[in-house]
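The structure appears right after this line, and notes come after that.
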Amino acid sequence: MANLVNVDRATVTAGTRAILDGVSLGVATGDRIGVVGRNGGGKTTLLRVLARSREVDSGRITHTGSLRLAGVAQDDDLAAGLTVREAVHGDLDEHEWASQPRVRDILAGLLGDAQASAVGGLDAPVATLSGGERRRVSLARALAADANLLLLDEPTNHLDVEGVAWLADHLTTAWARPDRALVVVTHDRWFLDAVSTLTWEVVDGRVEAYDGGYAAYVLARAERERISAVTAERRDNLLRKELAWLRRGAPARTSKPRFRIEAANALIADEPPPRDRLELARFAGTRLGKDVVDLHDASLRLGEVTLLNRVTWQLAPGERIGLIGVNGAGKSTLLRVLSGDQPLDSGRRKEGVTVRVGFVTQDVRELDELADARVIEVIESVRVVTTVGGKQISASQLATRLGFPGPRQQARVRDLSGGERRRLQILRVLLDEPNLLLLDEPTNDLDIDTLTAVEDVLDGWAGTLVVVSHDRYLLERITDTQFALMGDGRVRHLPGGVEEYLALRHTRRYAAPSPRAATTPRSGQAPGTGPAGPNAGAPNAGAPIPGADATTPPSPTPPARAASPAQQREARKTLARVEKALTRLHDREQRLHAEMAAAANDHAALTRLHAQVRDLAAEEALLEMEWLEAADIVG
């Protein structure tokens with residue numbers, strides 16, 4: 001590995017505040033680095049320093065002579081007078097880029113196909129594109145460039161779940177090469193976990209480095225804070241709760257070597273589950289009664305698009321539902337239907353008599369009329385005391401939990417950042433004590449620490465929750481079941497969660513539609529309704545999908561052949577050998593970290609030790625892959 005960029009004791013100040021304070025680090029070939037930190041903490045500044053588009057007040061930034069940079073900023077710089085073709089390919093002749101398979105794959109993945117149908121064609125003017133379409137064009141331009149260092153600032157903004165999954169897969173397979181490096185600023189924790197092999201946290205002018213993606217970052221940060229006794233005896237430690245979720249949550253996150261599992265278990269040994277579903281459902285039932293919101297044979301068209309086609313759906317007390325779908329499928333409109341703000345063309349909406357709706361919209365313009373008020377005044381005008389997790393807390397205490405410490409509660413609303421305005425919006429809705437909470441893209445403008453705090457509050461919130469989000473991690477974290485709007489007027493239950501949705505989208509894209517399967521309801525079942533039984537509350541549960549038989553999965557795969565006894569014995573030996581090797585590596589890694597702490601002021605020693613840690617991480621990754629392959633054989 002060779003360094004592409006070196007940062008030596010860089011300092012950047014804004015007024016009296018040090019955004020970066022004597023930071024030294026490097027970006028080497030093969031690195032895939034995720035950058036996290038609070039809003040305004042210096043993440044974008046760090047990216048600009050790496051690109052040398054922002055001058056440092058002191059220190060030195062050096063680029064290798066072979067460096068070729070490409071990137072995507074939070075606000076794209078696409079000129080309005082360009083076409084999509086010119087924005088992506090510049091003045092290249094068509095045969096120069098169309099003959100490259102990798103470029104065609106990028107166009108197909110981000111813009112629809114080689115003709116960029118998703119944005120209206122390659123000759124469509126950039127000025128006519130939506131925010132999401134402009135983001136896709138900017139990404140296509142950066143990925144198609146012949147660069148060996150990619151700097152991405154919030155690349156998943158405006159992308160739907162499918163787009164985020166494609167980008168993560170492309171960056172870790174087609175784009176990744178040993179001579180390239182990636183630095184990405186993101187608040188999308190699933191994307192961070194999927195893409196990065198190293199995590200940088202920008203905090204208080206420093207850049208703390210952690211090996212691995214988000215899950216490894218949470219574990220390492222929790223260990224570091226435990227060792228330093230910063231939050232030793234606090235049971236409400238958010239990092240430990242987050243770690244408990246990662247350990248107990250999605251199965252894919254638990255397939256780690258044994259020493260990692262034991263390290264996590266030691267930290268969460270006395271940590272309760274993130275939420276008690278049965279207790280919350282019982283409490284929600286007492287607050288809501290039997291009925292929440294029911295849709296009966298609901299239909300709705302907006303313009304030429306059918307958003308709902310005879311949908312029957314019943315929300316139950318205490319349900320926690322995630323809604324996903326492509327942009328324009330009608331997710332926000334469905335939330336407005338559930339809230340009663342959007343009338344139906346036909347059908348009926350029934351609301352329980354005790355229902356109190358709280359609606360966090362994508363817009364925060366409702367705060368404009370409160371611009372001259374102080375934050376604490378705006379909060380306490382809703383309620384002074386509320387109940388979270390069965391405990392009474394003051395509005396000021398809840399504000400502190402959601403990122404408004406004492407001094408910041410005295411700020412004027414007009415002086416708040418975008419992320420702070422979003423936090424204040426969520427806080428006001430929660431203080432109104434709704435028992436039906438509708439959240440439309442609540443993660444917009446929020447940093448990871450704030451997201452964790454919001455999730456912690458929602459864990460103890462008793463009521464019915466419906467969330468629209470492209471943040472896959474958030475959906476898995478705070479909801480118990482997912483539904484999808486597939487663009488055909490139906491609301492489809494997803495027992496397999498986001499993975500099932502992506503498989504359905506893949507099937508719909510590549511399989512030839514079957515008119516019979518797409519339009520014929522099951523025998524004895526009205527169009528747009530689900531079957532009786534355990535999933536009776538799910539809209540259109542069990543309905544057939546286009547291009548697939550109603551009783552068979554869309555993409556059947558042959559069952560895997562069982563491993564022979566001899567193969568299983570060999571796999572067990574491999575597991576034992578790899579676990580011993582990983583334990584040795586882990587011990588060496590701890591010793592190196594101790595040496596790094598002791599040599600905190602010796603830049604040369606830190607550089608040497610950091611290189612050794614990275615070599616260990618690479619060796620560890622290979623062993624973990626070998627462990628997982630053997631574990632699959634053992635079963």
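Ordering of the structure tokens sets the chain letters (A, B, ...); residue numbers start at 1 within each chain; ligands are numbered from 1 in the order shown.
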Query raised in the report: Counting only C-alpha atoms, what is within 10 Å of Ala165 of chain A, bar same-chain residues fewer than 2 positions away, as a ChimeraX atom specification?
Result: /A:156,159-163,167-170,190-191,194,472,499,502
**Report entry** Test item: residues at most 10 Å from Arg421 of chain A, only C-alpha atoms, excluding those fewer than 2 positions along its chain, as a ChimeraX atom specification
**Finding:** /A:364-365,367-368,375,413-419,423-427,445-446
**Report entry** d(atom CA of Val454 of chain A, atom CA of Arg401 of chain A) in Å
**Finding:** 8.2 Å
